[in-house]
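**Student:** So I've got this file, run_39.tsv, and it contains TSV, C-alpha atoms:
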```tsv
chain	number	residue	atom	x	y	z
A	1	MET	CA	0.00	0.00	0.00
A	2	GLN	CA	1.34	3.43	-0.96
A	3	GLY	CA	0.09	6.90	-0.17
A	4	SER	CA	-0.27	9.76	-2.64
A	5	SER	CA	2.72	11.65	-1.19
A	6	GLY	CA	2.95	15.26	0.05
A	7	SER	CA	0.66	18.14	0.92
A	8	SER	CA	-1.15	18.10	-2.42
A	9	ALA	CA	-1.87	14.37	-2.23
A	10	GLY	CA	-5.62	15.01	-2.24
A	11	PRO	CA	-5.67	17.20	-5.37
A	12	ALA	CA	-3.28	14.90	-7.26
A	13	SER	CA	-5.08	11.67	-6.38
A	14	ALA	CA	-8.50	13.15	-7.15
A	15	VAL	CA	-7.33	14.28	-10.60
A	16	SER	CA	-5.62	10.95	-11.24
A	17	ALA	CA	-8.77	9.05	-10.31
A	18	GLY	CA	-10.84	11.17	-12.69
A	19	CYS	CA	-12.91	12.72	-9.90
A	20	LEU	CA	-11.86	16.22	-11.00
A	21	PRO	CA	-10.63	17.75	-14.27
A	22	PHE	CA	-8.09	19.81	-12.31
A	23	ALA	CA	-7.28	20.89	-8.78
A	24	ILE	CA	-5.14	23.54	-7.10
A	25	GLY	CA	-2.08	22.29	-5.25
A	26	SER	CA	0.38	24.10	-3.02
A	27	GLU	CA	4.12	23.69	-2.93
A	28	THR	CA	6.75	24.90	-0.51
A	29	LEU	CA	9.42	22.24	-1.00
A	30	GLY	CA	7.94	19.62	-3.35
A	31	SER	CA	4.25	19.26	-2.56
A	32	ILE	CA	3.07	19.67	-6.14
A	33	SER	CA	5.99	17.79	-7.66
A	34	SER	CA	5.94	14.68	-5.50
A	35	PRO	CA	2.17	13.96	-5.54
A	36	SER	CA	2.03	14.63	-9.29
A	37	THR	CA	4.84	12.13	-9.83
A	38	ARG	CA	3.28	9.54	-7.52
A	39	CYS	CA	-0.19	9.85	-9.07
A	40	GLY	CA	0.90	10.08	-12.72
A	41	VAL	CA	-0.59	13.52	-13.40
A	42	THR	CA	0.79	16.83	-14.65
A	43	GLY	CA	1.71	19.35	-11.98
A	44	TYR	CA	2.62	22.98	-12.60
A	45	ARG	CA	4.40	25.08	-9.99
A	46	PRO	CA	4.32	28.72	-11.19
A	47	SER	CA	6.99	31.31	-10.54
A	48	PHE	CA	6.85	32.64	-6.98
A	49	GLY	CA	4.60	35.68	-6.87
A	50	PHE	CA	2.60	34.76	-9.97
A	51	VAL	CA	-0.55	33.30	-8.34
A	52	PRO	CA	-2.22	34.82	-5.25
A	53	ARG	CA	-2.23	32.56	-2.20
A	54	THR	CA	-5.25	34.29	-0.66
A	55	GLY	CA	-7.37	31.79	1.25
A	56	ALA	CA	-4.70	29.08	1.32
A	57	MET	CA	-3.21	27.91	4.61
A	58	PRO	CA	0.24	29.52	4.87
A	59	LEU	CA	3.38	27.63	5.82
A	60	SER	CA	6.24	29.76	4.51
A	61	TRP	CA	5.44	33.25	3.24
A	62	SER	CA	8.69	33.43	1.26
A	63	MET	CA	8.34	29.99	-0.38
A	64	ASP	CA	4.65	29.02	-0.71
A	65	LYS	CA	3.33	28.69	-4.28
A	66	LEU	CA	-0.07	27.65	-5.64
A	67	GLY	CA	-0.51	25.95	-8.99
A	68	PRO	CA	-2.77	23.65	-10.99
A	69	ILE	CA	-2.62	19.86	-11.13
A	70	ALA	CA	-4.37	18.38	-14.17
A	71	ARG	CA	-4.29	15.58	-16.74
A	72	SER	CA	-2.19	17.55	-19.23
A	73	VAL	CA	0.09	20.55	-19.63
A	74	GLU	CA	-2.53	22.27	-21.75
A	75	ASP	CA	-5.14	21.89	-19.00
A	76	CYS	CA	-2.68	23.40	-16.49
A	77	ALA	CA	-2.12	26.35	-18.85
A	78	LEU	CA	-5.86	26.95	-19.25
A	79	VAL	CA	-6.34	26.98	-15.47
A	80	MET	CA	-3.33	29.26	-15.01
A	81	SER	CA	-4.80	31.79	-17.42
A	82	HIS	CA	-7.65	32.30	-14.92
A	83	ILE	CA	-5.75	32.38	-11.62
A	84	PHE	CA	-2.57	34.42	-12.22
A	85	GLY	CA	-2.01	38.07	-11.34
A	86	PRO	CA	-2.61	40.41	-8.41
A	87	ASP	CA	-5.81	40.13	-6.39
A	88	GLY	CA	-5.21	43.14	-4.15
A	89	VAL	CA	-4.78	40.96	-1.07
A	90	ASP	CA	-1.59	38.92	-1.52
A	91	HIS	CA	1.01	41.66	-1.99
A	92	SER	CA	3.74	39.22	-2.99
A	93	VAL	CA	2.11	38.88	-6.42
A	94	HIS	CA	3.71	40.76	-9.32
A	95	GLU	CA	2.18	42.33	-12.40
A	96	ALA	CA	3.43	39.82	-14.97
A	97	SER	CA	1.87	38.57	-18.19
A	98	PHE	CA	0.88	35.01	-18.95
A	99	VAL	CA	0.00	34.51	-22.60
A	100	TRP	CA	-0.67	30.86	-23.34
A	101	ASP	CA	-0.08	29.84	-26.96
A	102	ALA	CA	-0.28	26.11	-27.68
A	103	LYS	CA	1.21	26.80	-31.14
A	104	TYR	CA	4.23	28.69	-29.80
A	105	ASP	CA	7.36	27.89	-31.83
A	106	TRP	CA	9.31	26.07	-29.13
A	107	ARG	CA	12.00	25.05	-31.65
A	108	LYS	CA	13.72	28.40	-31.21
A	109	LEU	CA	14.24	27.75	-27.50
A	110	ARG	CA	17.60	26.70	-26.04
A	111	ILE	CA	17.10	23.45	-24.12
A	112	GLY	CA	19.55	22.39	-21.43
A	113	TYR	CA	19.78	19.42	-19.11
A	114	PHE	CA	21.50	18.85	-15.77
A	115	THR	CA	24.23	16.42	-16.74
A	116	ASP	CA	24.91	15.00	-13.29
A	117	THR	CA	21.31	13.98	-12.60
A	118	PHE	CA	21.05	12.01	-15.85
A	119	ALA	CA	24.30	10.12	-15.25
A	120	GLU	CA	24.26	6.42	-14.38
A	121	PRO	CA	23.70	6.09	-10.60
A	122	THR	CA	26.44	4.52	-8.52
A	123	TRP	CA	26.11	2.77	-5.19
A	124	LYS	CA	28.20	3.70	-2.19
A	125	ALA	CA	28.26	1.18	0.63
A	126	PRO	CA	27.18	2.64	3.99
A	127	GLU	CA	29.81	3.09	6.65
A	128	ARG	CA	29.48	1.00	9.76
A	129	LYS	CA	28.39	2.93	12.84
A	130	LYS	CA	30.27	2.68	16.09
A	131	ASP	CA	29.06	-0.28	18.16
A	132	GLU	CA	26.62	-1.32	15.41
A	133	SER	CA	25.82	-5.03	15.50
A	134	ASP	CA	26.48	-7.31	12.54
A	135	ALA	CA	22.75	-7.89	12.10
A	136	ASP	CA	21.88	-4.16	12.14
A	137	PHE	CA	24.68	-3.30	9.72
A	138	ALA	CA	23.64	-6.09	7.35
A	139	LYS	CA	20.02	-4.90	7.48
A	140	ARG	CA	21.01	-1.29	6.75
A	141	THR	CA	23.30	-2.38	3.91
A	142	ALA	CA	20.54	-4.48	2.34
A	143	ALA	CA	18.12	-1.53	2.55
A	144	SER	CA	20.69	0.72	0.88
A	145	GLN	CA	21.21	-1.80	-1.92
A	146	ALA	CA	17.46	-2.13	-2.45
A	147	SER	CA	17.07	1.65	-2.62
A	148	PHE	CA	19.89	1.85	-5.15
A	149	ALA	CA	18.26	-0.87	-7.29
A	150	ARG	CA	15.11	1.27	-7.47
A	151	ARG	CA	17.10	4.38	-8.43
A	152	LEU	CA	19.05	2.45	-11.06
A	153	TYR	CA	15.82	1.11	-12.57
A	154	ASP	CA	14.16	4.52	-12.66
A	155	ALA	CA	17.18	6.17	-14.28
A	156	LYS	CA	16.35	4.53	-17.61
A	157	TYR	CA	13.12	6.55	-17.79
A	158	ASP	CA	15.09	9.76	-17.25
A	159	ARG	CA	17.50	8.87	-20.06
A	160	ALA	CA	14.57	7.89	-22.29
A	161	THR	CA	13.29	11.46	-21.90
A	162	LEU	CA	16.54	12.76	-23.36
A	163	ASP	CA	16.07	10.36	-26.29
A	164	VAL	CA	12.58	11.77	-26.91
A	165	LEU	CA	13.94	15.32	-26.85
A	166	LYS	CA	16.61	14.38	-29.39
A	167	ARG	CA	13.98	12.80	-31.65
A	168	MET	CA	12.13	16.11	-31.47
A	169	GLY	CA	15.16	17.63	-33.18
A	170	ILE	CA	16.56	19.32	-30.07
A	171	THR	CA	20.28	19.81	-29.57
A	172	LEU	CA	20.62	19.47	-25.83
A	173	ILE	CA	22.96	21.82	-23.98
A	174	PRO	CA	24.71	20.36	-20.91
A	175	VAL	CA	24.47	22.61	-17.85
A	176	GLU	CA	25.03	22.29	-14.12
A	177	LEU	CA	22.94	23.35	-11.16
A	178	PRO	CA	24.85	26.10	-9.32
A	179	LYS	CA	26.94	24.49	-6.59
A	180	LEU	CA	25.62	26.16	-3.47
A	181	PRO	CA	24.66	24.81	-0.02
A	182	TRP	CA	20.98	24.57	-0.94
A	183	GLY	CA	20.08	22.31	1.98
A	184	ALA	CA	21.45	24.81	4.50
A	185	MET	CA	19.09	27.48	3.13
A	186	VAL	CA	15.92	25.56	4.01
A	187	SER	CA	15.81	26.44	7.73
A	188	PRO	CA	13.79	29.66	7.17
A	189	LEU	CA	10.93	27.42	6.03
A	190	GLU	CA	10.73	25.90	9.51
A	191	ALA	CA	11.04	29.30	11.19
A	192	GLU	CA	8.28	30.79	9.01
A	193	GLY	CA	6.16	27.69	9.56
A	194	ALA	CA	6.56	28.07	13.31
A	195	ALA	CA	5.44	31.69	13.04
A	196	SER	CA	2.45	30.68	10.94
A	197	PHE	CA	1.40	28.09	13.53
A	198	ASP	CA	2.59	30.08	16.54
A	199	GLN	CA	-0.79	30.10	18.28
A	200	LEU	CA	-1.05	26.32	17.94
A	201	THR	CA	2.30	25.91	19.70
A	202	LEU	CA	1.73	28.53	22.42
A	203	SER	CA	-1.71	27.12	23.26
A	204	GLY	CA	-0.30	23.62	23.72
A	205	ARG	CA	-2.79	22.24	21.22
A	206	ASP	CA	0.11	20.97	19.12
A	207	ALA	CA	0.23	18.08	21.61
A	208	LEU	CA	-3.09	16.88	20.16
A	209	LEU	CA	-1.51	16.12	16.77
A	210	ASN	CA	-0.76	12.46	16.11
A	211	GLY	CA	2.79	12.89	14.80
A	212	GLN	CA	5.14	13.71	17.67
A	213	SER	CA	8.47	12.28	16.47
A	214	ALA	CA	11.58	14.43	16.14
A	215	HIS	CA	10.85	15.22	12.47
A	216	ASP	CA	7.09	15.82	12.76
A	217	TRP	CA	5.78	19.37	12.49
A	218	PRO	CA	4.95	19.91	16.20
A	219	ASN	CA	8.57	19.33	17.23
A	220	LEU	CA	9.94	21.26	14.25
A	221	PHE	CA	7.79	24.23	15.27
A	222	ARG	CA	8.94	23.96	18.89
A	223	ALA	CA	12.61	23.71	17.89
A	224	ALA	CA	12.30	26.65	15.48
A	225	ARG	CA	11.75	28.97	18.44
A	226	PHE	CA	15.47	28.48	19.19
A	227	TYR	CA	16.53	29.33	15.62
A	228	PRO	CA	18.78	32.42	15.83
A	229	ALA	CA	17.65	35.51	13.93
A	230	VAL	CA	21.22	35.91	12.66
A	231	ASP	CA	21.08	32.47	11.02
A	232	TYR	CA	17.71	33.31	9.43
A	233	VAL	CA	19.16	36.48	7.90
A	234	GLN	CA	22.24	34.66	6.65
A	235	ALA	CA	20.14	31.93	5.05
A	236	MET	CA	17.99	34.52	3.31
A	237	ARG	CA	21.12	36.30	2.06
A	238	ALA	CA	22.35	32.97	0.70
A	239	ARG	CA	19.02	32.55	-1.10
A	240	SER	CA	19.58	35.86	-2.87
A	241	LEU	CA	22.91	34.51	-4.10
A	242	GLY	CA	21.10	31.42	-5.31
A	243	ILE	CA	18.58	33.51	-7.22
A	244	ALA	CA	21.42	35.43	-8.90
A	245	ALA	CA	23.20	32.18	-9.79
A	246	MET	CA	20.04	30.73	-11.31
A	247	LYS	CA	19.58	33.88	-13.39
A	248	LYS	CA	23.03	33.31	-14.89
A	249	LEU	CA	22.01	29.73	-15.68
A	250	PHE	CA	18.88	30.86	-17.51
A	251	ASP	CA	20.90	33.43	-19.44
A	252	GLN	CA	22.51	30.40	-21.11
A	253	VAL	CA	19.37	28.35	-21.77
A	254	ASP	CA	15.61	28.89	-21.86
A	255	ILE	CA	14.47	25.51	-20.52
A	256	VAL	CA	16.24	22.90	-18.41
A	257	ALA	CA	15.28	19.22	-18.22
A	258	ALA	CA	15.82	17.77	-14.75
A	259	THR	CA	15.08	14.60	-12.85
A	260	SER	CA	12.12	15.26	-10.58
A	261	SER	CA	13.59	14.24	-7.23
A	262	SER	CA	17.08	15.72	-7.56
A	263	THR	CA	18.60	18.71	-5.74
A	264	GLN	CA	16.94	21.05	-8.23
A	265	LEU	CA	13.66	20.54	-6.35
A	266	THR	CA	15.10	22.19	-3.24
A	267	ALA	CA	17.04	24.80	-5.21
A	268	THR	CA	14.19	26.02	-7.40
A	269	ASN	CA	11.74	26.15	-4.51
A	270	LEU	CA	14.20	28.40	-2.71
A	271	THR	CA	14.69	30.63	-5.76
A	272	GLY	CA	11.04	30.64	-6.87
A	273	HIS	CA	11.59	29.35	-10.40
A	274	PRO	CA	8.71	27.70	-12.29
A	275	ALA	CA	8.52	23.95	-12.90
A	276	ILE	CA	6.26	21.60	-14.80
A	277	ILE	CA	6.17	17.94	-13.79
A	278	VAL	CA	5.16	15.61	-16.62
A	279	PRO	CA	4.60	11.81	-16.56
A	280	ASN	CA	7.23	9.96	-18.59
A	281	GLY	CA	6.22	6.34	-18.17
A	282	LEU	CA	4.97	3.52	-16.00
A	283	ARG	CA	7.37	1.13	-14.32
A	284	GLY	CA	7.33	-2.31	-15.90
A	285	ALA	CA	6.55	-5.73	-14.44
A	286	ASP	CA	10.29	-6.16	-13.79
A	287	ALA	CA	10.50	-3.09	-11.52
A	288	PRO	CA	12.07	-3.63	-8.09
A	289	ALA	CA	9.53	-3.96	-5.29
A	290	PRO	CA	8.74	-0.97	-3.07
A	291	ARG	CA	10.27	-0.80	0.37
A	292	SER	CA	7.13	-2.13	2.00
A	293	LEU	CA	3.64	-3.29	1.08
A	294	GLN	CA	2.19	-1.73	4.25
A	295	GLU	CA	3.89	1.65	4.75
A	296	THR	CA	2.18	4.73	3.32
A	297	ASN	CA	4.89	7.33	4.01
A	298	ASP	CA	6.62	9.37	1.29
A	299	GLY	CA	9.68	7.12	1.20
A	300	ASN	CA	7.70	4.03	0.21
A	301	THR	CA	7.60	4.38	-3.58
A	302	GLY	CA	8.06	2.33	-6.72
A	303	GLY	CA	7.03	-1.13	-7.79
A	304	PRO	CA	5.49	-2.54	-10.98
A	305	GLY	CA	2.91	-0.38	-12.74
A	306	THR	CA	3.64	2.82	-10.80
A	307	PRO	CA	4.26	6.13	-12.61
A	308	VAL	CA	7.46	8.14	-13.03
A	309	SER	CA	7.98	11.73	-14.14
A	310	ILE	CA	10.36	14.30	-15.57
A	311	THR	CA	10.60	18.00	-14.69
A	312	PHE	CA	11.18	21.02	-16.92
A	313	LEU	CA	12.35	24.36	-15.50
A	314	ALA	CA	12.53	27.93	-16.84
A	315	GLY	CA	13.53	31.44	-15.83
A	316	LEU	CA	11.35	33.51	-13.53
A	317	TYR	CA	8.03	34.50	-15.14
A	318	ASN	CA	8.86	32.65	-18.36
A	319	ASP	CA	6.08	30.27	-17.45
A	320	ALA	CA	4.09	30.47	-20.70
A	321	ARG	CA	6.90	29.27	-22.93
A	322	LEU	CA	7.86	26.66	-20.34
A	323	LEU	CA	4.37	25.20	-20.64
A	324	ALA	CA	4.41	25.48	-24.43
A	325	PHE	CA	7.60	23.44	-24.56
A	326	ALA	CA	6.37	20.89	-22.02
A	327	ASN	CA	3.17	20.53	-24.02
A	328	ALA	CA	5.23	19.69	-27.13
A	329	TYR	CA	7.20	17.10	-25.16
A	330	GLN	CA	4.03	15.59	-23.72
A	331	GLN	CA	2.55	15.20	-27.20
A	332	ALA	CA	5.78	13.63	-28.52
A	333	ALA	CA	6.41	11.31	-25.57
A	334	GLY	CA	3.18	9.38	-25.98
A	335	PHE	CA	2.24	9.05	-22.31
A	336	LEU	CA	-0.66	11.49	-22.36
A	337	GLY	CA	-3.81	9.65	-21.29
A	338	LEU	CA	-1.87	6.62	-20.09
A	339	HIS	CA	-3.49	4.90	-17.10
A	340	PRO	CA	-2.10	2.21	-14.78
A	341	LYS	CA	-3.78	-1.16	-15.06
A	342	LEU	CA	-6.25	-1.72	-12.22
```
For the file at hand, write its structure as structure tokens.
**Tutor:**
Amino acid sequence: MQGSSGSSAGPASAVSAGCLPFAIGSETLGSISSPSTRCGVTGYRPSFGFVPRTGAMPLSWSMDKLGPIARSVEDCALVMSHIFGPDGVDHSVHEASFVWDAKYDWRKLRIGYFTDTFAEPTWKAPERKKDESDADFAKRTAASQASFARRLYDAKYDRATLDVLKRMGITLIPVELPKLPWGAMVSPLEAEGAASFDQLTLSGRDALLNGQSAHDWPNLFRAARFYPAVDYVQAMRARSLGIAAMKKLFDQVDIVAATSSSTQLTATNLTGHPAIIVPNGLRGADAPAPRSLQETNDGNTGGPGTPVSITFLAGLYNDARLLAFANAYQQAAGFLGLHPKL
């Protein structure tokens, strides 16, 4: 049994099941991308400040984005044309145009790809912990090998995407994600989340929530109260460097193809760049088994017949041509309308 993944699991699963033609998802650090991948639907995360978040539950004011989840890129574009732009309430929204043209000449675009994420995966044996028993070390090593087998299997779908792009007549340009400490910049999310749910913590009602482990939200919110203001400012300054570095990247290319679960997901959520997540196949009968048949957490993925995806990225507020290109890929790839066997 597998769940539908992150915060937008409901919208993605409802669209995948055919209950809705589209739904609105929210993403702070992957909550449109991951459910769209898991459910085999198309998810579009607009540029930060393109769609008002009025009425949505806030988590991180500097990172939250709203965007459509639908069956196709074209459906996402049609929904976007009705939800973008200032509403007079969410003052983070910019005056920017979104002109959807399904017949846009995408052939004039420069298409890049992150070379490292499309490389053949390699396995690194885990290091033995101090005082770790033989049985525990063997169990952890076996789990690592199983996880690698799943990554190795899925990598062929990523490389197949590059083959489709080449058949479309595209000369791919190799690029690299700026090498910055992206993971260290994420802490403001927890601090902003703690501020958003401050009353819940101060009232003690956070103790009523089921998840109370070290990495569950109640304890993250409690711990965030000890996060130094100096560190918050430094992380936000680092994010500005990341935004500048990503601008240089998109001076070289117009679109970048990226694997959906790579470091780009953290980086582009921090910098606010748009992304479109598109299904690129279903795992075959020979796919490695998921980690468990009972667990429903985000880490329990994969297995025969489950969907995989690819992500395309673009410069800030270049969303319309990003969708036009992704629409062309979706038409060429042949997975549009594909359903898992039930």
**Student:** Could you check which of A:Asp134, A:Asp90, A:Asp216, A:Asp101 is closest to Ala77 in chain A, using all atoms listed in the file?
**Tutor:**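 So, comparing all the options, the nearest one is A:Asp101.
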**Student:** Would you compute the distance between CA of Val256 in chain A and CA of Gly183 in chain A? Give it in Å to one decimal.
**Tutor:** 20.8 Å
**Student:** If you count only C-alpha atoms, which residues fall within 10 Å of Ser4 in chain A, apart from same-chain ones fewer than 2 positions away, as a list in words?
**Tutor:**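 Contacts, in chain order: Gln2, Gly6, Ser7, Ser8, Ala9, Gly10, Pro11, Ala12, Ser13, Ala14, Ser34, Pro35, Ser36, Thr37, Arg38, Cys39, Thr296, Asn297, Asp298 and Thr301 of chain A.
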**Student:** For range 108-120 of chain A, find every residue with an atom within 6 Å (counting all atoms listed in the file), except residues of its own chain fewer than 6 positions away, and show them as a ChimeraX atom specification.
**Tutor:** /A:172-176,253-258
**Student:** May I have the residues at most 9 Å from (14.3, 18.7, -26.6) in the file's coordinates, counting only C-alpha atoms, as a PyMOL selection string?
**Tutor:** chain A and resi 107+110-112+161-172+257+325+329
**Student:** Identify which of the residues A:Ile24, A:Leu338, A:Ile243, A:Leu323 lies closest to Ala56 in chain A, counting all atoms listed in the file when measuring atom-to-atom distances.
**Tutor:**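 Ranked by minimum distance to Ala56 in chain A, first place goes to A:Ile24.
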**Student:** For Phe84 in chain A, which residue among A:Gly25, A:Gly18, A:Gly242, A:Pro52 is the nearest when counting all atoms listed in the file?
**Tutor:**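 Nearest candidate to Phe84 in chain A out of A:Gly25, A:Gly18, A:Gly242, A:Pro52: A:Pro52.
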**Student:** For Met80 in chain A, which residue among A:Asp319, A:Lys139, A:Arg291, A:Ala285 is the nearest when counting only C-alpha atoms?
**Tutor:** A:Asp319
**Student:** Smallest atom-to-atom distance to Leu29 in chain A: which of A:Arg321, A:Arg237, A:His91, A:His273, using all atoms listed in the file?
**Tutor:** A:His273
**Student:** Every residue with an atom at most 10 Å from (1.3, 26.5, -31.3) (file coordinates; all atoms listed in the file) is what I'm after, so could you write them as a PDB file with C-alpha atoms, in the frame of the given file?
**Tutor:**
```pdb
ATOM      1  CA  TRP A 100      -0.670  30.860 -23.340  1.00  0.00           C
ATOM      2  CA  ASP A 101      -0.080  29.840 -26.960  1.00  0.00           C
ATOM      3  CA  ALA A 102      -0.280  26.110 -27.680  1.00  0.00           C
ATOM      4  CA  LYS A 103       1.210  26.800 -31.140  1.00  0.00           C
ATOM      5  CA  TYR A 104       4.230  28.690 -29.800  1.00  0.00           C
ATOM      6  CA  ASP A 105       7.360  27.890 -31.830  1.00  0.00           C
ATOM      7  CA  TRP A 106       9.310  26.070 -29.130  1.00  0.00           C
ATOM      8  CA  ALA A 324       4.410  25.480 -24.430  1.00  0.00           C
ATOM      9  CA  PHE A 325       7.600  23.440 -24.560  1.00  0.00           C
ATOM     10  CA  ASN A 327       3.170  20.530 -24.020  1.00  0.00           C
ATOM     11  CA  ALA A 328       5.230  19.690 -27.130  1.00  0.00           C
TER      12      ALA A 328
END
```
**Student:** Which residue is closest to Leu180 in chain A? Choose from A:Ser26, A:Thr263, A:Ser292, A:Ser92 and count all atoms listed in the file.
**Tutor:**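 With all atoms listed in the file as the atom set, the closest residue is A:Thr263.
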**Student:** Once you've located range 145-153 of chain A in the structure I gave, write it as a compact mmCIF listing (two decimals), in the first residue's frame, keeping all heavy atoms.
**Tutor:**
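part13.txt written:
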```
# COMPACT_ATOMS: atom_id res chain seq x y z
N GLN A 145 21.11 -1.14 -0.62
CA GLN A 145 21.21 -1.80 -1.92
C GLN A 145 19.86 -1.84 -2.62
O GLN A 145 19.78 -1.64 -3.84
CB GLN A 145 21.78 -3.20 -1.75
CG GLN A 145 23.25 -3.24 -1.35
CD GLN A 145 23.73 -4.63 -1.02
OE1 GLN A 145 22.98 -5.45 -0.48
NE2 GLN A 145 24.99 -4.91 -1.32
N ALA A 146 18.81 -2.09 -1.87
CA ALA A 146 17.46 -2.13 -2.45
C ALA A 146 17.05 -0.76 -2.97
O ALA A 146 16.45 -0.63 -4.04
CB ALA A 146 16.46 -2.64 -1.42
N SER A 147 17.37 0.28 -2.20
CA SER A 147 17.07 1.65 -2.62
C SER A 147 17.83 2.00 -3.89
O SER A 147 17.28 2.63 -4.81
CB SER A 147 17.42 2.63 -1.50
OG SER A 147 17.21 3.96 -1.92
N PHE A 148 19.08 1.59 -3.95
CA PHE A 148 19.89 1.85 -5.15
C PHE A 148 19.31 1.12 -6.36
O PHE A 148 19.27 1.67 -7.47
CB PHE A 148 21.34 1.41 -4.92
CG PHE A 148 22.17 1.45 -6.18
CD1 PHE A 148 22.55 2.66 -6.74
CD2 PHE A 148 22.53 0.27 -6.82
CE1 PHE A 148 23.30 2.71 -7.91
CE2 PHE A 148 23.28 0.31 -7.99
CZ PHE A 148 23.65 1.53 -8.54
N ALA A 149 18.85 -0.10 -6.18
CA ALA A 149 18.26 -0.87 -7.29
C ALA A 149 17.06 -0.13 -7.87
O ALA A 149 16.85 -0.11 -9.09
CB ALA A 149 17.87 -2.26 -6.82
N ARG A 150 16.26 0.50 -7.00
CA ARG A 150 15.11 1.27 -7.47
C ARG A 150 15.56 2.50 -8.24
O ARG A 150 14.99 2.85 -9.28
CB ARG A 150 14.20 1.65 -6.30
CG ARG A 150 13.44 0.45 -5.69
CD ARG A 150 12.40 0.90 -4.68
NE ARG A 150 13.01 1.36 -3.44
CZ ARG A 150 13.28 0.56 -2.40
NH1 ARG A 150 13.03 -0.73 -2.47
NH2 ARG A 150 13.81 1.06 -1.30
N ARG A 151 16.59 3.19 -7.73
CA ARG A 151 17.10 4.38 -8.43
C ARG A 151 17.70 4.00 -9.78
O ARG A 151 17.51 4.71 -10.78
CB ARG A 151 18.17 5.08 -7.58
CG ARG A 151 17.59 5.86 -6.40
CD ARG A 151 18.62 6.78 -5.79
NE ARG A 151 19.71 6.06 -5.15
CZ ARG A 151 20.97 6.10 -5.52
NH1 ARG A 151 21.33 6.84 -6.57
NH2 ARG A 151 21.91 5.42 -4.89
N LEU A 152 18.43 2.90 -9.82
CA LEU A 152 19.05 2.45 -11.06
C LEU A 152 17.98 2.11 -12.10
O LEU A 152 18.11 2.44 -13.28
CB LEU A 152 19.93 1.23 -10.78
CG LEU A 152 20.75 0.70 -11.96
CD1 LEU A 152 21.76 1.75 -12.42
CD2 LEU A 152 21.47 -0.59 -11.56
N TYR A 153 16.91 1.47 -11.65
CA TYR A 153 15.82 1.11 -12.57
C TYR A 153 15.14 2.36 -13.11
O TYR A 153 14.89 2.48 -14.32
CB TYR A 153 14.81 0.23 -11.83
CG TYR A 153 13.70 -0.29 -12.71
CD1 TYR A 153 13.83 -1.49 -13.41
CD2 TYR A 153 12.52 0.43 -12.86
CE1 TYR A 153 12.82 -1.96 -14.23
CE2 TYR A 153 11.50 -0.03 -13.68
CZ TYR A 153 11.65 -1.23 -14.36
OH TYR A 153 10.65 -1.68 -15.17
```
